[in-house]
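entry-v8.cif follows (mmCIF, C-alpha atoms):
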data_structure
loop_
_atom_site.label_atom_id
_atom_site.label_comp_id
_atom_site.auth_asym_id
_atom_site.auth_seq_id
_atom_site.Cartn_x
_atom_site.Cartn_y
_atom_site.Cartn_z
CA MET T 1 -75.45 63.17 75.48
CA THR T 2 -78.72 61.26 75.82
CA HIS T 3 -78.93 57.46 75.84
CA SER T 4 -80.41 57.46 72.31
CA GLU T 5 -77.67 59.80 71.06
CA ASP T 6 -75.03 57.64 72.72
CA ARG T 7 -76.49 54.54 71.08
CA SER T 8 -76.63 56.29 67.69
CA ALA T 9 -73.01 57.34 68.02
CA ALA T 10 -72.00 53.80 68.95
CA GLU T 11 -73.91 52.41 65.99
CA ALA T 12 -72.28 54.93 63.66
CA HIS T 13 -68.86 54.01 65.02
CA SER T 14 -69.68 50.32 64.56
CA ASP T 15 -70.80 50.95 60.98
CA ARG T 16 -67.56 52.77 60.23
CA GLY T 17 -65.63 49.91 61.76
CA HIS T 18 -67.42 47.36 59.57
CA SER T 19 -66.81 49.53 56.52
CA GLU T 20 -63.09 49.74 57.33
CA ASP T 21 -62.94 45.99 57.86
CA ARG T 22 -64.41 45.39 54.42
CA SER T 23 -62.03 47.97 52.88
CA ALA T 24 -64.52 48.41 50.06
CA ALA T 25 -63.68 51.33 47.78
CA LEU T 26 -66.37 53.96 47.29
CA LEU T 27 -65.18 54.50 43.71
CA GLU T 28 -63.60 51.61 41.81
CA VAL T 29 -62.40 51.81 38.21
CA SER T 30 -61.30 48.54 36.60
CA GLY T 31 -59.73 47.93 33.18
CA LEU T 32 -61.04 51.21 31.80
CA GLU T 33 -60.50 51.85 28.08
CA VAL T 34 -61.31 55.08 26.24
CA VAL T 35 -60.42 55.46 22.57
CA PHE T 36 -60.76 58.61 20.46
CA ASP T 37 -60.21 58.04 16.71
CA GLY T 38 -57.71 55.27 17.39
CA PHE T 39 -55.95 57.15 20.22
CA ARG T 40 -56.09 55.46 23.63
CA ALA T 41 -56.85 58.27 26.04
CA ILE T 42 -57.38 55.73 28.85
CA ASP T 43 -55.50 52.45 28.53
CA GLY T 44 -56.57 49.68 30.92
CA LEU T 45 -56.81 51.99 33.92
CA ASP T 46 -57.31 50.61 37.43
CA PHE T 47 -58.09 53.25 40.07
CA SER T 48 -59.91 53.28 43.39
CA VAL T 49 -60.77 55.77 46.13
CA GLU T 50 -61.81 54.93 49.67
CA GLU T 51 -64.69 56.67 51.42
CA GLY T 52 -63.61 59.84 53.24
CA GLU T 53 -60.42 60.33 51.22
CA LEU T 54 -59.04 63.57 49.88
CA ARG T 55 -57.28 62.26 46.77
CA PHE T 56 -55.21 64.38 44.41
CA LEU T 57 -54.97 63.29 40.77
CA ILE T 58 -52.04 64.73 38.82
CA GLY T 59 -50.18 64.07 35.60
CA PRO T 60 -48.80 65.79 32.49
CA ASN T 61 -50.99 67.28 29.81
CA GLY T 62 -52.85 64.51 27.97
CA ALA T 63 -52.44 61.97 30.79
CA GLY T 64 -56.19 61.24 30.79
CA LYS T 65 -57.22 62.91 34.04
CA THR T 66 -60.14 64.92 32.70
CA THR T 67 -61.19 62.03 30.47
CA LEU T 68 -61.38 59.82 33.57
CA VAL T 69 -63.62 62.37 35.29
CA ASP T 70 -65.74 62.60 32.13
CA VAL T 71 -66.27 58.82 32.21
CA ILE T 72 -67.14 58.78 35.92
CA THR T 73 -69.76 61.50 35.41
CA GLY T 74 -71.25 59.95 32.28
CA LEU T 75 -70.03 62.61 29.84
CA THR T 76 -67.86 60.10 27.94
CA ARG T 77 -68.71 56.46 27.32
CA PRO T 78 -65.72 54.09 27.54
CA ALA T 79 -64.83 51.38 25.02
CA GLY T 80 -64.43 48.90 27.85
CA GLY T 81 -64.00 48.43 31.57
CA SER T 82 -66.03 49.16 34.67
CA VAL T 83 -66.69 52.16 36.92
CA ARG T 84 -68.47 51.33 40.16
CA PHE T 85 -69.66 53.83 42.75
CA ALA T 86 -70.88 52.48 46.08
CA GLY T 87 -71.33 49.13 44.34
CA GLU T 88 -73.37 50.61 41.46
CA GLU T 89 -72.10 50.35 37.89
CA LEU T 90 -71.92 53.81 36.29
CA VAL T 91 -71.02 52.86 32.72
CA GLY T 92 -74.11 53.28 30.55
CA ARG T 93 -75.92 55.58 32.99
CA ARG T 94 -77.02 59.07 32.02
CA GLU T 95 -75.36 62.12 33.56
CA HIS T 96 -78.36 63.18 35.66
CA ASP T 97 -78.75 59.63 37.00
CA ILE T 98 -75.13 59.70 38.16
CA VAL T 99 -75.74 63.03 39.90
CA ARG T 100 -78.70 61.48 41.72
CA LEU T 101 -76.50 58.62 42.89
CA GLY T 102 -74.39 61.18 44.78
CA ILE T 103 -71.60 62.42 42.51
CA GLY T 104 -70.97 66.13 42.03
CA ARG T 105 -68.47 67.74 39.68
CA SER T 106 -66.96 71.20 39.26
CA PHE T 107 -65.18 72.54 36.19
CA GLN T 108 -62.06 74.67 35.66
CA THR T 109 -64.28 77.63 34.75
CA PRO T 110 -66.98 78.10 37.41
CA THR T 111 -70.48 77.55 36.03
CA VAL T 112 -72.47 80.08 38.06
CA PHE T 113 -75.23 82.51 37.07
CA ASP T 114 -73.65 85.97 37.24
CA HIS T 115 -76.96 87.86 37.23
CA LEU T 116 -78.32 85.94 40.23
CA THR T 117 -77.19 86.58 43.79
CA VAL T 118 -74.95 84.14 45.59
CA VAL T 119 -77.81 82.74 47.65
CA GLU T 120 -80.07 82.51 44.59
CA ASN T 121 -77.43 80.42 42.82
CA ILE T 122 -77.26 78.00 45.73
CA ASP T 123 -81.04 78.00 46.16
CA LEU T 124 -81.48 77.20 42.47
CA ALA T 125 -78.99 74.31 42.76
CA ALA T 126 -80.94 73.02 45.77
CA SER T 127 -84.10 72.95 43.66
CA VAL T 128 -82.64 70.71 40.94
CA GLY T 129 -84.67 67.53 40.68
CA MET T 130 -87.57 68.94 42.72
CA GLY T 131 -89.81 69.75 39.76
CA TRP T 132 -90.74 73.00 38.04
CA ARG T 133 -92.89 74.32 40.90
CA ALA T 134 -89.92 74.22 43.27
CA MET T 135 -87.69 75.81 40.63
CA LEU T 136 -90.10 78.74 40.22
CA ARG T 137 -90.97 79.30 43.87
CA ARG T 138 -90.10 82.56 45.60
CA ARG T 139 -87.55 82.07 48.36
CA ARG T 140 -88.68 83.10 51.82
CA GLY T 141 -85.56 83.28 53.93
CA ILE T 142 -82.61 80.91 53.75
CA ASP T 143 -83.42 77.29 54.52
CA GLY T 144 -81.13 74.87 56.36
CA PRO T 145 -79.17 73.25 53.51
CA VAL T 146 -78.67 76.56 51.67
CA GLY T 147 -77.50 78.32 54.83
CA GLU T 148 -75.17 75.45 55.68
CA ALA T 149 -73.65 75.54 52.20
CA LEU T 150 -73.10 79.30 52.44
CA GLU T 151 -71.39 78.91 55.80
CA THR T 152 -69.23 75.99 54.68
CA VAL T 153 -67.82 77.81 51.65
CA GLY T 154 -67.48 81.12 53.50
CA LEU T 155 -69.90 83.19 51.41
CA GLU T 156 -72.35 84.35 54.04
CA ALA T 157 -71.23 88.00 53.82
CA PRO T 158 -71.74 88.40 50.04
CA ALA T 159 -74.85 86.18 50.00
CA ASP T 160 -77.06 88.92 48.54
CA ARG T 161 -74.54 90.22 46.00
CA PRO T 162 -74.74 89.24 42.33
CA ALA T 163 -72.41 86.35 41.60
CA GLY T 164 -70.87 88.37 38.78
CA GLU T 165 -69.31 90.69 41.37
CA LEU T 166 -67.37 87.89 43.08
CA SER T 167 -63.67 87.26 42.63
CA HIS T 168 -62.58 84.20 40.65
CA GLY T 169 -61.83 82.33 43.88
CA GLN T 170 -65.19 83.20 45.37
CA LYS T 171 -66.91 81.91 42.23
CA GLN T 172 -65.11 78.61 42.65
CA TRP T 173 -66.33 78.42 46.25
CA LEU T 174 -69.84 79.29 45.08
CA GLU T 175 -69.80 76.41 42.59
CA ILE T 176 -68.67 74.07 45.37
CA GLY T 177 -71.53 75.40 47.50
CA MET T 178 -73.95 74.68 44.66
CA LEU T 179 -72.71 71.09 44.67
CA LEU T 180 -72.83 70.73 48.46
CA VAL T 181 -76.48 71.73 48.67
CA GLN T 182 -77.26 68.63 46.55
CA ASP T 183 -75.51 66.54 49.23
CA PRO T 184 -73.10 64.53 47.05
CA ARG T 185 -71.21 61.63 48.54
CA LEU T 186 -68.32 62.12 46.08
CA LEU T 187 -66.97 65.46 44.84
CA LEU T 188 -64.82 65.65 41.69
CA LEU T 189 -63.09 69.03 41.48
CA ASP T 190 -61.17 70.04 38.34
CA GLU T 191 -58.29 72.42 39.15
CA PRO T 192 -60.17 74.32 41.86
CA VAL T 193 -57.29 76.73 42.65
CA ALA T 194 -56.36 77.70 39.08
CA GLY T 195 -56.13 81.49 38.86
CA MET T 196 -56.49 82.03 42.62
CA SER T 197 -54.36 84.25 44.85
CA ARG T 198 -52.21 82.53 47.47
CA GLU T 199 -54.68 83.50 50.20
CA GLU T 200 -57.55 82.03 48.18
CA ARG T 201 -55.55 78.84 47.56
CA THR T 202 -54.97 78.48 51.28
CA ARG T 203 -58.66 78.95 52.06
CA THR T 204 -59.56 76.44 49.36
CA GLY T 205 -57.14 73.87 50.77
CA GLU T 206 -58.68 74.30 54.21
CA LEU T 207 -62.14 73.93 52.66
CA LEU T 208 -61.14 70.65 50.98
CA GLN T 209 -59.84 69.29 54.28
CA LEU T 210 -63.15 70.25 55.90
CA LEU T 211 -65.20 68.64 53.14
CA CYS T 212 -63.47 65.27 53.36
CA GLN T 213 -64.61 64.95 56.97
CA SER T 214 -68.12 64.24 55.68
CA ARG T 215 -67.66 63.15 52.06
CA THR T 216 -65.06 61.92 49.57
CA VAL T 217 -63.13 64.41 47.43
CA VAL T 218 -61.03 63.84 44.30
CA VAL T 219 -59.05 66.84 43.07
CA VAL T 220 -57.51 67.13 39.59
CA GLU T 221 -54.67 69.58 40.09
CA HIS T 222 -51.48 71.00 38.57
CA ASP T 223 -50.43 73.41 41.32
CA MET T 224 -47.56 71.53 42.94
CA ASP T 225 -47.17 73.94 45.85
CA PHE T 226 -50.86 73.51 46.67
CA LEU T 227 -50.48 69.73 46.45
CA ARG T 228 -47.49 69.71 48.82
CA ARG T 229 -49.40 71.76 51.37
CA PHE T 230 -52.72 69.91 51.37
CA ALA T 231 -52.46 66.46 49.77
CA SER T 232 -52.02 63.24 51.73
CA LYS T 233 -52.46 60.69 48.95
CA VAL T 234 -51.65 61.33 45.30
CA THR T 235 -52.30 59.38 42.10
CA VAL T 236 -50.08 60.19 39.12
CA MET T 237 -51.44 59.40 35.66
CA HIS T 238 -49.42 59.11 32.44
CA GLU T 239 -50.56 58.01 29.00
CA GLY T 240 -53.93 56.84 30.29
CA LYS T 241 -52.58 54.69 33.12
CA VAL T 242 -51.68 55.03 36.79
CA LEU T 243 -47.95 55.68 36.91
CA CYS T 244 -47.52 55.98 40.66
CA GLU T 245 -49.63 56.30 43.79
CA GLY T 246 -48.77 57.17 47.37
CA GLY T 247 -47.94 59.99 49.73
CA VAL T 248 -46.59 63.31 48.51
CA ALA T 249 -42.99 62.56 49.51
CA GLU T 250 -43.17 59.09 47.94
CA VAL T 251 -44.51 60.45 44.66
CA GLN T 252 -41.96 63.27 44.52
CA ALA T 253 -39.13 60.80 45.11
CA ASN T 254 -40.24 58.46 42.32
CA ALA T 255 -37.67 58.68 39.50
CA THR T 256 -40.19 57.97 36.75
CA VAL T 257 -42.54 60.66 38.02
CA GLN T 258 -39.66 63.12 38.12
CA GLU T 259 -38.84 62.32 34.51
CA VAL T 260 -42.31 62.39 32.93
CA TYR T 261 -44.00 65.05 35.03
CA LEU T 262 -41.75 67.08 37.29
CA GLY T 263 -38.79 67.24 34.91
CA ARG T 264 -35.60 65.15 34.72
CA PRO T 265 -33.58 65.23 37.99
CA GLU T 266 -30.36 66.23 36.22
CA ARG T 267 -32.12 69.14 34.53
CA ARG T 268 -33.49 70.41 37.82
CA THR T 269 -29.99 70.20 39.32
CA GLU T 270 -28.56 72.31 36.49
CA GLU T 271 -31.27 74.95 36.80
CA LYS T 272 -31.24 74.79 40.63
CA THR T 273 -34.97 75.41 40.64
CA THR T 274 -38.07 73.31 40.68
CA PRO T 275 -39.90 73.75 37.38
CA THR T 276 -43.32 75.36 37.46
CA VAL T 277 -46.09 73.26 35.97
CA THR T 278 -48.11 75.38 33.57
CA THR T 279 -50.29 72.83 31.81
CA THR T 280 -54.02 73.38 32.22
CA ALA T 281 -55.78 70.43 30.64
CA GLY T 282 -56.12 66.77 31.53
#

Could you quickly redo this structure as structure tokens?
Amino acid sequence: MTHSEDRSAAEAHSDRGHSEDRSAALLEVSGLEVVFDGFRAIDGLDFSVEEGELRFLIGPNGAGKTTLVDVITGLTRPAGGSVRFAGEELVGRREHDIVRLGIGRSFQTPTVFDHLTVVENIDLAASVGMGWRAMLRRRRGIDGPVGEALETVGLEAPADRPAGELSHGQKQWLEIGMLLVQDPRLLLLDEPVAGMSREERTRTGELLQLLCQSRTVVVVEHDMDFLRRFASKVTVMHEGKVLCEGGVAEVQANATVQEVYLGRPERRTEEKTTPTVTTTAG
């Protein structure tokens, strides 16, 4: 390592140290209120995520998980409260402005262009915000960010195949690649392993662990086996509020969580099985 590289590494380490000392959350939601026709979908929610976290967000159907993500990304405007990202207030900003600030979101159903190849999908995502000339340009080879995204999500081999030929899991990885090429600081992923095979779920879990080494990831999920294998910190929502937050074992042991989400303890004892969560919406 050269002297300049050593100095840069030391400065980066010092910056991380200062950031940890401040303990400032990258994403901070305070007193959030969302009301739909008199129904409180989000009810005074307080929620924060530190930089570099892999946070899992779970809860029963109607808990407000997807609504929370909709507010963060500007799709839904709250009745009250604050959402701050890296110190910037997000409430009142337009969706594309929030994307430019460094927030990327995936959906339960991958939004990819089936008629384009894998690399063309990622290349198109890389061109967003660059103007119409960049959007219409002919690609000559694979540039750095596009190639890095392909490698990260493991889609180098099918790079020249139409996206419509990919498996469901591969399409999810492609959508994540399309987000990565825009270099988001925060990724919000909505049920990324829904419909995947066990092998695909394992690869996705490993991908999430890789991603949080360089950015912050929040995962809305219902697959409890996947959560047990890959989560470190979990937030449980119920009726628009945070019900419980902590490690996987701590959350699983919480009596209220067992009752409202995982099933009543006495019922599980009678059945001698852990119930399978089948809900699919936030």

>> Considering only C-alpha atoms, can you say which of T:Asp183, T:Asp225, T:Glu245, T:Asp46 comes closest to Thr202 of chain T?
In response: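 Of T:Asp183, T:Asp225, T:Glu245, T:Asp46, the one nearest Thr202 of chain T, counting only C-alpha atoms, is T:Asp225.
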
>> I need the output of the PyMOL selection byres ((chain T and resi 67) around 12) for this file as a VMD selection string; which residues are they?
In response: chain T and resid 32 to 36 40 to 43 45 61 to 66 68 to 78 190 220 237 239 to 241 281 to 282

Dump C-alpha atoms for the selected residues as a short mmCIF file (atom, residue, chain, number, x, y, z; two decimals), in the coordinates of the input?
data_model
loop_
_atom_site.label_atom_id
_atom_site.label_comp_id
_atom_site.auth_asym_id
_atom_site.auth_seq_id
_atom_site.Cartn_x
_atom_site.Cartn_y
_atom_site.Cartn_z
CA LEU T 32 -61.04 51.21 31.80
CA GLU T 33 -60.50 51.85 28.08
CA VAL T 34 -61.31 55.08 26.24
CA VAL T 35 -60.42 55.46 22.57
CA PHE T 36 -60.76 58.61 20.46
CA ARG T 40 -56.09 55.46 23.63
CA ALA T 41 -56.85 58.27 26.04
CA ILE T 42 -57.38 55.73 28.85
CA ASP T 43 -55.50 52.45 28.53
CA LEU T 45 -56.81 51.99 33.92
CA ASN T 61 -50.99 67.28 29.81
CA GLY T 62 -52.85 64.51 27.97
CA ALA T 63 -52.44 61.97 30.79
CA GLY T 64 -56.19 61.24 30.79
CA LYS T 65 -57.22 62.91 34.04
CA THR T 66 -60.14 64.92 32.70
CA LEU T 68 -61.38 59.82 33.57
CA VAL T 69 -63.62 62.37 35.29
CA ASP T 70 -65.74 62.60 32.13
CA VAL T 71 -66.27 58.82 32.21
CA ILE T 72 -67.14 58.78 35.92
CA THR T 73 -69.76 61.50 35.41
CA GLY T 74 -71.25 59.95 32.28
CA LEU T 75 -70.03 62.61 29.84
CA THR T 76 -67.86 60.10 27.94
CA ARG T 77 -68.71 56.46 27.32
CA PRO T 78 -65.72 54.09 27.54
CA ASP T 190 -61.17 70.04 38.34
CA VAL T 220 -57.51 67.13 39.59
CA MET T 237 -51.44 59.40 35.66
CA GLU T 239 -50.56 58.01 29.00
CA GLY T 240 -53.93 56.84 30.29
CA LYS T 241 -52.58 54.69 33.12
CA ALA T 281 -55.78 70.43 30.64
CA GLY T 282 -56.12 66.77 31.53
#

> Smallest atom-to-atom distance to Gly177 of chain T: which of T:Glu206, T:Glu50, T:Leu211, T:Ala149, using all atoms listed in the file?
Replying inline: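 Nearest to Gly177 of chain T: T:Ala149.
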
> Any idea what the distance is between atom CA of Thr111 of chain T and atom CA of Leu166 of chain T?
Replying inline: 12.9 Å

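Checking T:Leu179, T:Ala126, T:Leu27, T:Val146 one by one against Arg55 of chain T, counting all atoms listed in the file, you find the shortest gap at T:Leu27.
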
> atom CA of Glu89 of chain T and atom CA of Ser30 of chain T, how far apart in Å?
Replying inline: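 Here the two named atoms are 11.0 Å from each other.
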
>> Residues near Asn121 of chain T, anyone? I mean within 10 Å using only C-alpha atoms, not counting same-chain ones fewer than 4 positions away, as a PyMOL selection string.
In response: chain T and resi 112-117+125-126+146+159+162-163+174-175+177-178

>> Just the number, please: distance in Å from atom CA of Val91 of chain T to atom CA of Phe47 of chain T, one decimal.
In response: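 One can read the atom CA of Val91 of chain T to atom CA of Phe47 of chain T distance as 14.9 Å.
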
> For Ile103 of chain T, which residue out of T:Val128, T:Pro145, T:Thr216, T:Ile58 is the nearest one, using all atoms listed in the file?
Replying inline: T:Thr216

> When distances are computed from all atoms listed in the file, which of T:Ile176, T:Ala25, T:Val49, T:Leu186 shows the smallest separation from Arg100 of chain T?
Replying inline: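 Going through T:Ile176, T:Ala25, T:Val49, T:Leu186 one by one, the smallest distance to Arg100 of chain T is for T:Leu186.
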
> Written as a PyMOL selection string, which residues does the PyMOL selection byres ((chain T and resi 218) around 7) give for the file shown?
Replying inline: chain T and resi 54-56+187-189+216-217+219-220

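Between Met196 of chain T and the residues T:Thr109, T:Ser127, T:Ser82, T:Ser48, the shortest atom-to-atom distance, using only C-alpha atoms, involves T:Thr109.
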
Where does the PyMOL selection byres ((chain T and resi 194) around 9) land in this file, that is, which residues does it pick, as a PDB file with C-alpha atoms, in the coordinates of the input?
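Listing of expr_39.pdb after writing:
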ATOM      1  CA  GLN T 108     -62.060  74.670  35.660  1.00  0.00           C
ATOM      2  CA  GLY T 169     -61.830  82.330  43.880  1.00  0.00           C
ATOM      3  CA  GLU T 191     -58.290  72.420  39.150  1.00  0.00           C
ATOM      4  CA  PRO T 192     -60.170  74.320  41.860  1.00  0.00           C
ATOM      5  CA  VAL T 193     -57.290  76.730  42.650  1.00  0.00           C
ATOM      6  CA  GLY T 195     -56.130  81.490  38.860  1.00  0.00           C
ATOM      7  CA  MET T 196     -56.490  82.030  42.620  1.00  0.00           C
ATOM      8  CA  SER T 197     -54.360  84.250  44.850  1.00  0.00           C
ATOM      9  CA  ARG T 201     -55.550  78.840  47.560  1.00  0.00           C
ATOM     10  CA  GLU T 221     -54.670  69.580  40.090  1.00  0.00           C
ATOM     11  CA  HIS T 222     -51.480  71.000  38.570  1.00  0.00           C
ATOM     12  CA  ASP T 223     -50.430  73.410  41.320  1.00  0.00           C
ATOM     13  CA  THR T 280     -54.020  73.380  32.220  1.00  0.00           C
TER      14      THR T 280
END

> Neighbours of Glu148 of chain T within 9 Å (all atoms listed in the file; same-chain residues fewer than 3 positions away dropped), as a PyMOL selection string?
Replying inline: chain T and resi 143-145+151-153+177+180-181
